file final.pdb (PDB, C-alpha atoms)
ATOM      1  CA  MET A   1     -55.085 202.948 -86.300  1.00  0.00           C
ATOM      2  CA  ASN A   2     -53.242 199.914 -84.982  1.00  0.00           C
ATOM      3  CA  ARG A   3     -53.327 196.912 -87.327  1.00  0.00           C
ATOM      4  CA  ARG A   4     -51.964 193.476 -86.648  1.00  0.00           C
ATOM      5  CA  THR A   5     -50.776 191.621 -89.715  1.00  0.00           C
ATOM      6  CA  ILE A   6     -49.999 187.961 -90.218  1.00  0.00           C
ATOM      7  CA  ALA A   7     -47.685 187.273 -93.136  1.00  0.00           C
ATOM      8  CA  PHE A   8     -47.796 183.846 -94.713  1.00  0.00           C
ATOM      9  CA  GLY A   9     -44.592 182.666 -96.308  1.00  0.00           C
ATOM     10  CA  GLU A  10     -44.163 180.427 -99.275  1.00  0.00           C
ATOM     11  CA  TRP A  11     -45.604 176.933 -99.265  1.00  0.00           C
ATOM     12  CA  LYS A  12     -42.979 174.291 -98.629  1.00  0.00           C
ATOM     13  CA  THR A  13     -42.026 172.395-101.734  1.00  0.00           C
ATOM     14  CA  PHE A  14     -41.904 168.659-102.283  1.00  0.00           C
ATOM     15  CA  SER A  15     -40.737 166.507-105.142  1.00  0.00           C
ATOM     16  CA  ARG A  16     -42.883 165.333-108.040  1.00  0.00           C
ATOM     17  CA  PRO A  17     -42.304 161.637-107.170  1.00  0.00           C
ATOM     18  CA  VAL A  18     -43.630 162.309-103.667  1.00  0.00           C
ATOM     19  CA  SER A  19     -46.651 164.019-105.225  1.00  0.00           C
ATOM     20  CA  VAL A  20     -47.327 161.013-107.433  1.00  0.00           C
ATOM     21  CA  ILE A  21     -47.040 158.597-104.500  1.00  0.00           C
ATOM     22  CA  VAL A  22     -49.336 160.705-102.328  1.00  0.00           C
ATOM     23  CA  LEU A  23     -51.914 161.043-105.110  1.00  0.00           C
ATOM     24  CA  ALA A  24     -51.761 157.288-105.741  1.00  0.00           C
ATOM     25  CA  PHE A  25     -52.470 156.726-102.027  1.00  0.00           C
ATOM     26  CA  TYR A  26     -55.487 159.049-102.189  1.00  0.00           C
ATOM     27  CA  CYS A  27     -56.804 157.331-105.329  1.00  0.00           C
ATOM     28  CA  LEU A  28     -56.446 153.895-103.745  1.00  0.00           C
ATOM     29  CA  PHE A  29     -58.178 155.062-100.576  1.00  0.00           C
ATOM     30  CA  LEU A  30     -61.004 156.645-102.579  1.00  0.00           C
ATOM     31  CA  LEU A  31     -61.431 153.393-104.498  1.00  0.00           C
ATOM     32  CA  TYR A  32     -61.422 151.428-101.222  1.00  0.00           C
ATOM     33  CA  ALA A  33     -64.031 153.788 -99.764  1.00  0.00           C
ATOM     34  CA  ALA A  34     -66.206 153.631-102.879  1.00  0.00           C
ATOM     35  CA  LEU A  35     -66.177 149.814-102.923  1.00  0.00           C
ATOM     36  CA  ASP A  36     -66.708 149.371 -99.172  1.00  0.00           C
ATOM     37  CA  ARG A  37     -70.243 148.292 -98.260  1.00  0.00           C
ATOM     38  CA  SER A  38     -69.879 148.239 -94.479  1.00  0.00           C
ATOM     39  CA  GLY A  39     -69.759 152.026 -94.158  1.00  0.00           C
ATOM     40  CA  PHE A  40     -66.870 151.675 -91.675  1.00  0.00           C
ATOM     41  CA  LEU A  41     -63.384 152.174 -93.107  1.00  0.00           C
ATOM     42  CA  PHE A  42     -60.110 151.290 -91.371  1.00  0.00           C
ATOM     43  CA  LEU A  43     -59.446 154.992 -90.678  1.00  0.00           C
ATOM     44  CA  ASP A  44     -62.724 155.041 -88.751  1.00  0.00           C
ATOM     45  CA  PHE A  45     -61.147 153.023 -85.919  1.00  0.00           C
ATOM     46  CA  ALA A  46     -59.046 156.096 -85.061  1.00  0.00           C
ATOM     47  CA  ASN A  47     -62.041 158.365 -85.635  1.00  0.00           C
ATOM     48  CA  LEU A  48     -64.111 156.211 -83.269  1.00  0.00           C
ATOM     49  CA  MET A  49     -61.610 156.749 -80.445  1.00  0.00           C
ATOM     50  CA  ILE A  50     -61.714 160.510 -81.038  1.00  0.00           C
ATOM     51  CA  HIS A  51     -65.529 160.357 -81.196  1.00  0.00           C
ATOM     52  CA  GLU A  52     -65.803 158.551 -77.876  1.00  0.00           C
ATOM     53  CA  ALA A  53     -63.326 160.962 -76.240  1.00  0.00           C
ATOM     54  CA  GLY A  54     -65.509 163.870 -77.369  1.00  0.00           C
ATOM     55  CA  HIS A  55     -68.477 162.811 -75.244  1.00  0.00           C
ATOM     56  CA  PRO A  56     -66.868 163.377 -71.819  1.00  0.00           C
ATOM     57  CA  LEU A  57     -64.954 166.374 -73.179  1.00  0.00           C
ATOM     58  CA  PHE A  58     -68.227 168.158 -74.002  1.00  0.00           C
ATOM     59  CA  SER A  59     -70.201 166.795 -71.008  1.00  0.00           C
ATOM     60  CA  PRO A  60     -69.815 169.984 -68.906  1.00  0.00           C
ATOM     61  CA  PHE A  61     -71.934 171.813 -71.511  1.00  0.00           C
ATOM     62  CA  GLY A  62     -75.139 169.815 -71.088  1.00  0.00           C
ATOM     63  CA  GLN A  63     -76.629 166.611 -72.431  1.00  0.00           C
ATOM     64  CA  THR A  64     -77.155 167.762 -76.014  1.00  0.00           C
ATOM     65  CA  LEU A  65     -73.577 168.975 -76.441  1.00  0.00           C
ATOM     66  CA  MET A  66     -72.279 165.891 -74.647  1.00  0.00           C
ATOM     67  CA  ILE A  67     -74.001 163.674 -77.211  1.00  0.00           C
ATOM     68  CA  LEU A  68     -73.059 165.926 -80.122  1.00  0.00           C
ATOM     69  CA  GLY A  69     -69.530 166.190 -78.695  1.00  0.00           C
ATOM     70  CA  GLY A  70     -68.465 162.885 -80.208  1.00  0.00           C
ATOM     71  CA  THR A  71     -69.146 164.100 -83.723  1.00  0.00           C
ATOM     72  CA  LEU A  72     -67.779 167.565 -82.932  1.00  0.00           C
ATOM     73  CA  ALA A  73     -64.499 166.052 -81.732  1.00  0.00           C
ATOM     74  CA  GLU A  74     -64.263 163.976 -84.928  1.00  0.00           C
ATOM     75  CA  LEU A  75     -64.419 167.208 -86.895  1.00  0.00           C
ATOM     76  CA  ILE A  76     -62.425 169.525 -84.625  1.00  0.00           C
ATOM     77  CA  VAL A  77     -59.325 167.296 -84.365  1.00  0.00           C
ATOM     78  CA  PRO A  78     -58.565 167.044 -88.107  1.00  0.00           C
ATOM     79  CA  LEU A  79     -59.550 170.690 -88.605  1.00  0.00           C
ATOM     80  CA  ALA A  80     -57.106 171.765 -85.875  1.00  0.00           C
ATOM     81  CA  CYS A  81     -54.399 169.608 -87.473  1.00  0.00           C
ATOM     82  CA  ALA A  82     -55.147 171.198 -90.863  1.00  0.00           C
ATOM     83  CA  ALA A  83     -54.801 174.655 -89.305  1.00  0.00           C
ATOM     84  CA  TYR A  84     -51.445 173.668 -87.815  1.00  0.00           C
ATOM     85  CA  PHE A  85     -50.113 172.548 -91.191  1.00  0.00           C
ATOM     86  CA  PHE A  86     -51.628 175.586 -92.911  1.00  0.00           C
ATOM     87  CA  PHE A  87     -49.668 177.962 -90.695  1.00  0.00           C
ATOM     88  CA  ARG A  88     -46.529 175.880 -91.295  1.00  0.00           C
ATOM     89  CA  ARG A  89     -47.298 176.132 -95.062  1.00  0.00           C
ATOM     90  CA  GLU A  90     -47.135 172.363 -95.584  1.00  0.00           C
ATOM     91  CA  SER A  91     -49.589 171.457 -98.314  1.00  0.00           C
ATOM     92  CA  THR A  92     -49.175 167.695 -97.856  1.00  0.00           C
ATOM     93  CA  GLY A  93     -50.262 168.011 -94.229  1.00  0.00           C
ATOM     94  CA  VAL A  94     -53.123 170.382 -95.025  1.00  0.00           C
ATOM     95  CA  ALA A  95     -54.403 168.105 -97.792  1.00  0.00           C
ATOM     96  CA  PHE A  96     -54.195 164.993 -95.608  1.00  0.00           C
ATOM     97  CA  CYS A  97     -55.954 166.642 -92.666  1.00  0.00           C
ATOM     98  CA  LEU A  98     -58.718 168.049 -94.873  1.00  0.00           C
ATOM     99  CA  PHE A  99     -59.080 164.636 -96.511  1.00  0.00           C
ATOM    100  CA  TRP A 100     -59.311 163.111 -93.019  1.00  0.00           C
ATOM    101  CA  LEU A 101     -61.859 165.742 -91.963  1.00  0.00           C
ATOM    102  CA  PHE A 102     -64.124 164.975 -94.893  1.00  0.00           C
ATOM    103  CA  GLU A 103     -63.595 161.212 -94.610  1.00  0.00           C
ATOM    104  CA  ASN A 104     -65.252 161.547 -91.197  1.00  0.00           C
ATOM    105  CA  PHE A 105     -68.398 162.745 -92.968  1.00  0.00           C
ATOM    106  CA  LEU A 106     -68.777 159.335 -94.628  1.00  0.00           C
ATOM    107  CA  TYR A 107     -69.293 157.445 -91.390  1.00  0.00           C
ATOM    108  CA  ILE A 108     -71.089 160.345 -89.713  1.00  0.00           C
ATOM    109  CA  GLY A 109     -73.576 160.167 -92.589  1.00  0.00           C
ATOM    110  CA  THR A 110     -73.877 156.395 -92.192  1.00  0.00           C
ATOM    111  CA  TYR A 111     -74.458 156.863 -88.448  1.00  0.00           C
ATOM    112  CA  MET A 112     -77.067 159.570 -89.101  1.00  0.00           C
ATOM    113  CA  SER A 113     -78.887 157.369 -91.623  1.00  0.00           C
ATOM    114  CA  ASP A 114     -79.136 154.640 -88.966  1.00  0.00           C
ATOM    115  CA  ALA A 115     -81.052 156.810 -86.484  1.00  0.00           C
ATOM    116  CA  ARG A 116     -84.389 155.035 -87.078  1.00  0.00           C
ATOM    117  CA  THR A 117     -83.246 151.523 -87.959  1.00  0.00           C
ATOM    118  CA  LEU A 118     -80.662 151.284 -85.147  1.00  0.00           C
ATOM    119  CA  ALA A 119     -78.861 148.491 -86.983  1.00  0.00           C
ATOM    120  CA  LEU A 120     -75.257 149.609 -86.420  1.00  0.00           C
ATOM    121  CA  PRO A 121     -73.298 148.092 -83.530  1.00  0.00           C
ATOM    122  CA  LEU A 122     -72.603 150.778 -80.954  1.00  0.00           C
ATOM    123  CA  VAL A 123     -69.729 151.378 -78.532  1.00  0.00           C
ATOM    124  CA  GLY A 124     -70.190 152.685 -75.020  1.00  0.00           C
ATOM    125  CA  SER A 125     -73.618 153.140 -73.477  1.00  0.00           C
ATOM    126  CA  GLY A 126     -75.494 151.681 -76.423  1.00  0.00           C
ATOM    127  CA  ASP A 127     -77.420 154.914 -76.919  1.00  0.00           C
ATOM    128  CA  HIS A 128     -77.577 156.126 -80.505  1.00  0.00           C
ATOM    129  CA  ASP A 129     -76.334 159.733 -80.682  1.00  0.00           C
ATOM    130  CA  TRP A 130     -78.249 160.678 -83.807  1.00  0.00           C
ATOM    131  CA  GLU A 131     -81.492 159.009 -82.748  1.00  0.00           C
ATOM    132  CA  PHE A 132     -81.405 161.174 -79.619  1.00  0.00           C
ATOM    133  CA  LEU A 133     -80.421 164.356 -81.487  1.00  0.00           C
ATOM    134  CA  PHE A 134     -82.805 163.946 -84.415  1.00  0.00           C
ATOM    135  CA  THR A 135     -85.658 163.102 -82.042  1.00  0.00           C
ATOM    136  CA  GLN A 136     -84.861 166.166 -79.936  1.00  0.00           C
ATOM    137  CA  TRP A 137     -84.720 168.361 -83.050  1.00  0.00           C
ATOM    138  CA  ASN A 138     -87.815 166.734 -84.593  1.00  0.00           C
ATOM    139  CA  LEU A 139     -85.773 165.519 -87.596  1.00  0.00           C
ATOM    140  CA  LEU A 140     -85.886 161.763 -87.076  1.00  0.00           C
ATOM    141  CA  LEU A 141     -88.028 161.174 -90.167  1.00  0.00           C
ATOM    142  CA  HIS A 142     -85.315 162.864 -92.252  1.00  0.00           C
ATOM    143  CA  ASP A 143     -82.389 160.773 -90.995  1.00  0.00           C
ATOM    144  CA  GLN A 144     -81.830 159.134 -94.384  1.00  0.00           C
ATOM    145  CA  GLN A 145     -81.804 162.412 -96.332  1.00  0.00           C
ATOM    146  CA  ILE A 146     -79.527 164.126 -93.825  1.00  0.00           C
ATOM    147  CA  GLY A 147     -77.209 161.119 -93.738  1.00  0.00           C
ATOM    148  CA  HIS A 148     -76.985 160.918 -97.535  1.00  0.00           C
ATOM    149  CA  ALA A 149     -76.328 164.664 -97.806  1.00  0.00           C
ATOM    150  CA  THR A 150     -73.605 164.364 -95.154  1.00  0.00           C
ATOM    151  CA  ARG A 151     -71.957 161.494 -97.062  1.00  0.00           C
ATOM    152  CA  ALA A 152     -72.158 163.500-100.304  1.00  0.00           C
ATOM    153  CA  LEU A 153     -70.470 166.433 -98.562  1.00  0.00           C
ATOM    154  CA  GLY A 154     -67.760 164.039 -97.388  1.00  0.00           C
ATOM    155  CA  TRP A 155     -67.120 162.782-100.921  1.00  0.00           C
ATOM    156  CA  PHE A 156     -67.085 166.328-102.300  1.00  0.00           C
ATOM    157  CA  GLY A 157     -64.644 167.447 -99.599  1.00  0.00           C
ATOM    158  CA  MET A 158     -62.303 164.477-100.058  1.00  0.00           C
ATOM    159  CA  LEU A 159     -62.225 164.945-103.828  1.00  0.00           C
ATOM    160  CA  SER A 160     -61.697 168.696-103.403  1.00  0.00           C
ATOM    161  CA  SER A 161     -58.791 168.210-101.003  1.00  0.00           C
ATOM    162  CA  VAL A 162     -57.143 165.780-103.447  1.00  0.00           C
ATOM    163  CA  ALA A 163     -57.738 168.213-106.324  1.00  0.00           C
ATOM    164  CA  TRP A 164     -56.225 171.073-104.309  1.00  0.00           C
ATOM    165  CA  PHE A 165     -53.200 168.951-103.468  1.00  0.00           C
ATOM    166  CA  ALA A 166     -52.768 167.955-107.132  1.00  0.00           C
ATOM    167  CA  TRP A 167     -53.046 171.597-108.166  1.00  0.00           C
ATOM    168  CA  ARG A 168     -50.437 172.604-105.564  1.00  0.00           C
ATOM    169  CA  ALA A 169     -48.157 169.748-106.621  1.00  0.00           C
ATOM    170  CA  PHE A 170     -48.274 170.149-110.371  1.00  0.00           C
ATOM    171  CA  ARG A 171     -48.927 173.776-111.127  1.00  0.00           C
ATOM    172  CA  ARG A 172     -46.323 175.260-113.389  1.00  0.00           C
ATOM    173  CA  SER A 173     -46.561 178.931-112.527  1.00  0.00           C
ATOM    174  CA  ALA A 174     -44.347 180.621-109.970  1.00  0.00           C
ATOM    175  CA  GLU A 175     -45.507 180.726-106.372  1.00  0.00           C
ATOM    176  CA  VAL A 176     -47.637 183.737-105.541  1.00  0.00           C
ATOM    177  CA  PRO A 177     -45.867 186.241-103.239  1.00  0.00           C
ATOM    178  CA  ALA A 178     -46.628 186.093 -99.532  1.00  0.00           C
ATOM    179  CA  ARG A 179     -50.134 187.178 -98.616  1.00  0.00           C
ATOM    180  CA  HIS A 180     -51.101 189.282 -95.663  1.00  0.00           C
ATOM    181  CA  LEU A 181     -54.201 189.049 -93.519  1.00  0.00           C
ATOM    182  CA  ASN A 182     -55.101 192.240 -91.698  1.00  0.00           C
ATOM    183  CA  PHE A 183     -56.908 192.165 -88.399  1.00  0.00           C
ATOM    184  CA  THR A 184     -58.330 195.486 -87.306  1.00  0.00           C
TER     185      THR A 184
END
call {"tool": "encode", "arguments": {"input": "final.pdb", "output": "structure tokens"}}
result
Amino acid sequence: MNRRTIAFGEWKTFSRPVSVIVLAFYCLFLLYAALDRSGFLFLDFANLMIHEAGHPLFSPFGQTLMILGGTLAELIVPLACAAYFFFRRESTGVAFCLFWLFENFLYIGTYMSDARTLALPLVGSGDHDWEFLFTQWNLLLHDQQIGHATRALGWFGMLSSVAWFAWRAFRRSAEVPARHLNFT
């Protein structure tokens, strides 16, 4: 039987002072996000550009995927970046990209929660992605619950990525030997 194996090497190391600085940045950003009442953080300007680029990117796949494509692009880009850093075994990059991925959930949840009230200023055509999608899926009356759950998932993911980074940075035990994934 022919098996292909991918061997992952050791995670790249970084200094404790770098770890402290990076964790301080995450803590400050989390505080900023927790205190923000607008629902739109400075990182969301970059996410908005990715979101808008996702609409034409997914347009060949029909109207529903074109509209959903903005949100999909917001999630695919940081996930692809996280995968890149994972295969390079760079925990700082993985943690940042996962943090970025889950930070997207905060504004996605805010956008979802706005599907009935339509109070947020919109870019582009002026059509509200989640009003269209939730109406199509007969979920419009649940926009608030879905939005709040999405935001909660974002907070959980951001905190988890910071916790994973802290664990990687400060664990005292020796690095686990290289792991192997078998594909049959």
call {"tool": "closest_atom_pairs", "arguments": {"input": "final.pdb", "of": "region 105-184 of chain A", "to": "region 19-35 of chain A", "cutoff": "10 Å", "atoms": "all atoms listed in the file", "output": "tab-separated table"}}
result
residue	atom	partner	partner_atom	distance
A:Leu106	CA	A:Ala33	CA	8.9
A:Trp155	CA	A:Leu30	CA	8.8
A:Met158	CA	A:Leu30	CA	8.3
A:Leu159	CA	A:Leu30	CA	8.5
A:Ser161	CA	A:Tyr26	CA	9.8
A:Val162	CA	A:Tyr26	CA	7.0
A:Ala163	CA	A:Leu23	CA	9.3
A:Phe165	CA	A:Leu23	CA	8.2
A:Ala166	CA	A:Leu23	CA	7.3
A:Arg168	CA	A:Ser19	CA	9.4
A:Ala169	CA	A:Ser19	CA	6.1
A:Phe170	CA	A:Ser19	CA	8.2
call {"tool": "atom_distance", "arguments": {"input": "final.pdb", "atom1": "CA of Gly69 (chain A)", "atom2": "CA of Ile50 (chain A)"}}
result
9.9 Å
call {"tool": "resolve_selection", "arguments": {"input": "final.pdb", "expression": "the PyMOL selection byres ((chain A and resi 87) around 12)", "output": "PDB file with C-alpha atoms, keeping the file's coordinate frame"}}
result
ATOM      1  CA  ILE A   6     -49.999 187.961 -90.218  1.00  0.00           C
ATOM      2  CA  ALA A   7     -47.685 187.273 -93.136  1.00  0.00           C
ATOM      3  CA  PHE A   8     -47.796 183.846 -94.713  1.00  0.00           C
ATOM      4  CA  GLY A   9     -44.592 182.666 -96.308  1.00  0.00           C
ATOM      5  CA  GLU A  10     -44.163 180.427 -99.275  1.00  0.00           C
ATOM      6  CA  TRP A  11     -45.604 176.933 -99.265  1.00  0.00           C
ATOM      7  CA  LYS A  12     -42.979 174.291 -98.629  1.00  0.00           C
ATOM      8  CA  ALA A  80     -57.106 171.765 -85.875  1.00  0.00           C
ATOM      9  CA  CYS A  81     -54.399 169.608 -87.473  1.00  0.00           C
ATOM     10  CA  ALA A  82     -55.147 171.198 -90.863  1.00  0.00           C
ATOM     11  CA  ALA A  83     -54.801 174.655 -89.305  1.00  0.00           C
ATOM     12  CA  TYR A  84     -51.445 173.668 -87.815  1.00  0.00           C
ATOM     13  CA  PHE A  85     -50.113 172.548 -91.191  1.00  0.00           C
ATOM     14  CA  PHE A  86     -51.628 175.586 -92.911  1.00  0.00           C
ATOM     15  CA  ARG A  88     -46.529 175.880 -91.295  1.00  0.00           C
ATOM     16  CA  ARG A  89     -47.298 176.132 -95.062  1.00  0.00           C
ATOM     17  CA  GLU A  90     -47.135 172.363 -95.584  1.00  0.00           C
ATOM     18  CA  SER A  91     -49.589 171.457 -98.314  1.00  0.00           C
ATOM     19  CA  GLY A  93     -50.262 168.011 -94.229  1.00  0.00           C
ATOM     20  CA  VAL A  94     -53.123 170.382 -95.025  1.00  0.00           C
TER      21      VAL A  94
END
call {"tool": "resolve_selection", "arguments": {"input": "final.pdb", "expression": "the PyMOL selection byres ((chain A and resi 77) around 10)", "output": "PyMOL selection string"}}
result
chain A and resi 47+50-51+54+72-76+78-83+97+100-101
call {"tool": "write_last_selection", "arguments": {"input": "final.pdb", "atoms": "C-alpha atoms", "output": "short mmCIF file (atom, residue, chain, number, x, y, z; two decimals), keeping the file's coordinate frame"}}
result
data_model
loop_
_atom_site.label_atom_id
_atom_site.label_comp_id
_atom_site.auth_asym_id
_atom_site.auth_seq_id
_atom_site.Cartn_x
_atom_site.Cartn_y
_atom_site.Cartn_z
CA ASN A 47 -62.04 158.36 -85.64
CA ILE A 50 -61.71 160.51 -81.04
CA HIS A 51 -65.53 160.36 -81.20
CA GLY A 54 -65.51 163.87 -77.37
CA LEU A 72 -67.78 167.56 -82.93
CA ALA A 73 -64.50 166.05 -81.73
CA GLU A 74 -64.26 163.98 -84.93
CA LEU A 75 -64.42 167.21 -86.90
CA ILE A 76 -62.42 169.52 -84.62
CA PRO A 78 -58.56 167.04 -88.11
CA LEU A 79 -59.55 170.69 -88.60
CA ALA A 80 -57.11 171.76 -85.88
CA CYS A 81 -54.40 169.61 -87.47
CA ALA A 82 -55.15 171.20 -90.86
CA ALA A 83 -54.80 174.66 -89.30
CA CYS A 97 -55.95 166.64 -92.67
CA TRP A 100 -59.31 163.11 -93.02
CA LEU A 101 -61.86 165.74 -91.96
#
call {"tool": "closest_residue", "arguments": {"input": "final.pdb", "among": "A:Gly70, A:Gly109, A:Gly62, A:Pro17", "to": "Thr150 (chain A)", "atoms": "all atoms listed in the file"}}
result
A:Gly109
call {"tool": "closest_residue", "arguments": {"input": "final.pdb", "among": "A:Met49, A:Trp137, A:Val18, A:Phe40", "to": "Gly124 (chain A)", "atoms": "all atoms listed in the file"}}
result
A:Met49
call {"tool": "atom_distance", "arguments": {"input": "final.pdb", "atom1": "CA of Phe45 (chain A)", "atom2": "CA of Gln145 (chain A)"}}
result
25.0 Å
call {"tool": "resolve_selection", "arguments": {"input": "final.pdb", "expression": "the PyMOL selection byres ((chain A and resi 113) around 9)", "output": "ChimeraX atom specification"}}
result
/A:108-112,114-117,130,142-148
call {"tool": "write_last_selection", "arguments": {"input": "final.pdb", "atoms": "C-alpha atoms", "output": "mmCIF file, keeping the file's coordinate frame"}}
result
data_model
loop_
_atom_site.group_PDB
_atom_site.id
_atom_site.type_symbol
_atom_site.label_atom_id
_atom_site.label_comp_id
_atom_site.auth_asym_id
_atom_site.auth_seq_id
_atom_site.Cartn_x
_atom_site.Cartn_y
_atom_site.Cartn_z
ATOM 1 C CA ILE A 108 -71.089 160.345 -89.713
ATOM 2 C CA GLY A 109 -73.576 160.167 -92.589
ATOM 3 C CA THR A 110 -73.877 156.395 -92.192
ATOM 4 C CA TYR A 111 -74.458 156.863 -88.448
ATOM 5 C CA MET A 112 -77.067 159.570 -89.101
ATOM 6 C CA ASP A 114 -79.136 154.640 -88.966
ATOM 7 C CA ALA A 115 -81.052 156.810 -86.484
ATOM 8 C CA ARG A 116 -84.389 155.035 -87.078
ATOM 9 C CA THR A 117 -83.246 151.523 -87.959
ATOM 10 C CA TRP A 130 -78.249 160.678 -83.807
ATOM 11 C CA HIS A 142 -85.315 162.864 -92.252
ATOM 12 C CA ASP A 143 -82.389 160.773 -90.995
ATOM 13 C CA GLN A 144 -81.830 159.134 -94.384
ATOM 14 C CA GLN A 145 -81.804 162.412 -96.332
ATOM 15 C CA ILE A 146 -79.527 164.126 -93.825
ATOM 16 C CA GLY A 147 -77.209 161.119 -93.738
ATOM 17 C CA HIS A 148 -76.985 160.918 -97.535
#
call {"tool": "axis_aligned_box", "arguments": {"input": "final.pdb", "around": "region 74-77 of chain A", "padding_each_side": "8 Å", "output": "JSON"}}
result
{"center_x": -61.9, "center_y": 166.8, "center_z": -85.6, "size_x": 21.1, "size_y": 21.5, "size_z": 18.5}
call {"tool": "closest_residue", "arguments": {"input": "final.pdb", "among": "A:Ser38, A:Ser15, A:Thr71, A:Asn138", "to": "His55 (chain A)", "atoms": "all atoms listed in the file"}}
result
A:Thr71
call {"tool": "residues_around", "arguments": {"input": "final.pdb", "residues": "Gly157 (chain A)", "least_positions_apart": "5", "cutoff": "9 Å", "atoms": "all atoms listed in the file", "output": "ChimeraX atom specification"}}
result
/A:98-99,101-103,105,152,162
call {"tool": "atom_distance", "arguments": {"input": "final.pdb", "atom1": "CA of Gly126 (chain A)", "atom2": "CA of Leu153 (chain A)"}}
result
27.1 Å
call {"tool": "closest_residue", "arguments": {"input": "final.pdb", "among": "A:Ala53, A:Leu48, A:Leu43, A:Ile67", "to": "His128 (chain A)", "atoms": "only C-alpha atoms"}}
result
A:Ile67
call {"tool": "closest_residue", "arguments": {"input": "final.pdb", "among": "A:Asp127, A:Thr64, A:Ala46, A:Thr92", "to": "Thr13 (chain A)", "atoms": "only C-alpha atoms"}}
result
A:Thr92
call {"tool": "closest_residue", "arguments": {"input": "final.pdb", "among": "A:Trp164, A:Tyr107, A:Phe132, A:Phe42", "to": "Ala149 (chain A)", "atoms": "all atoms listed in the file"}}
result
A:Tyr107
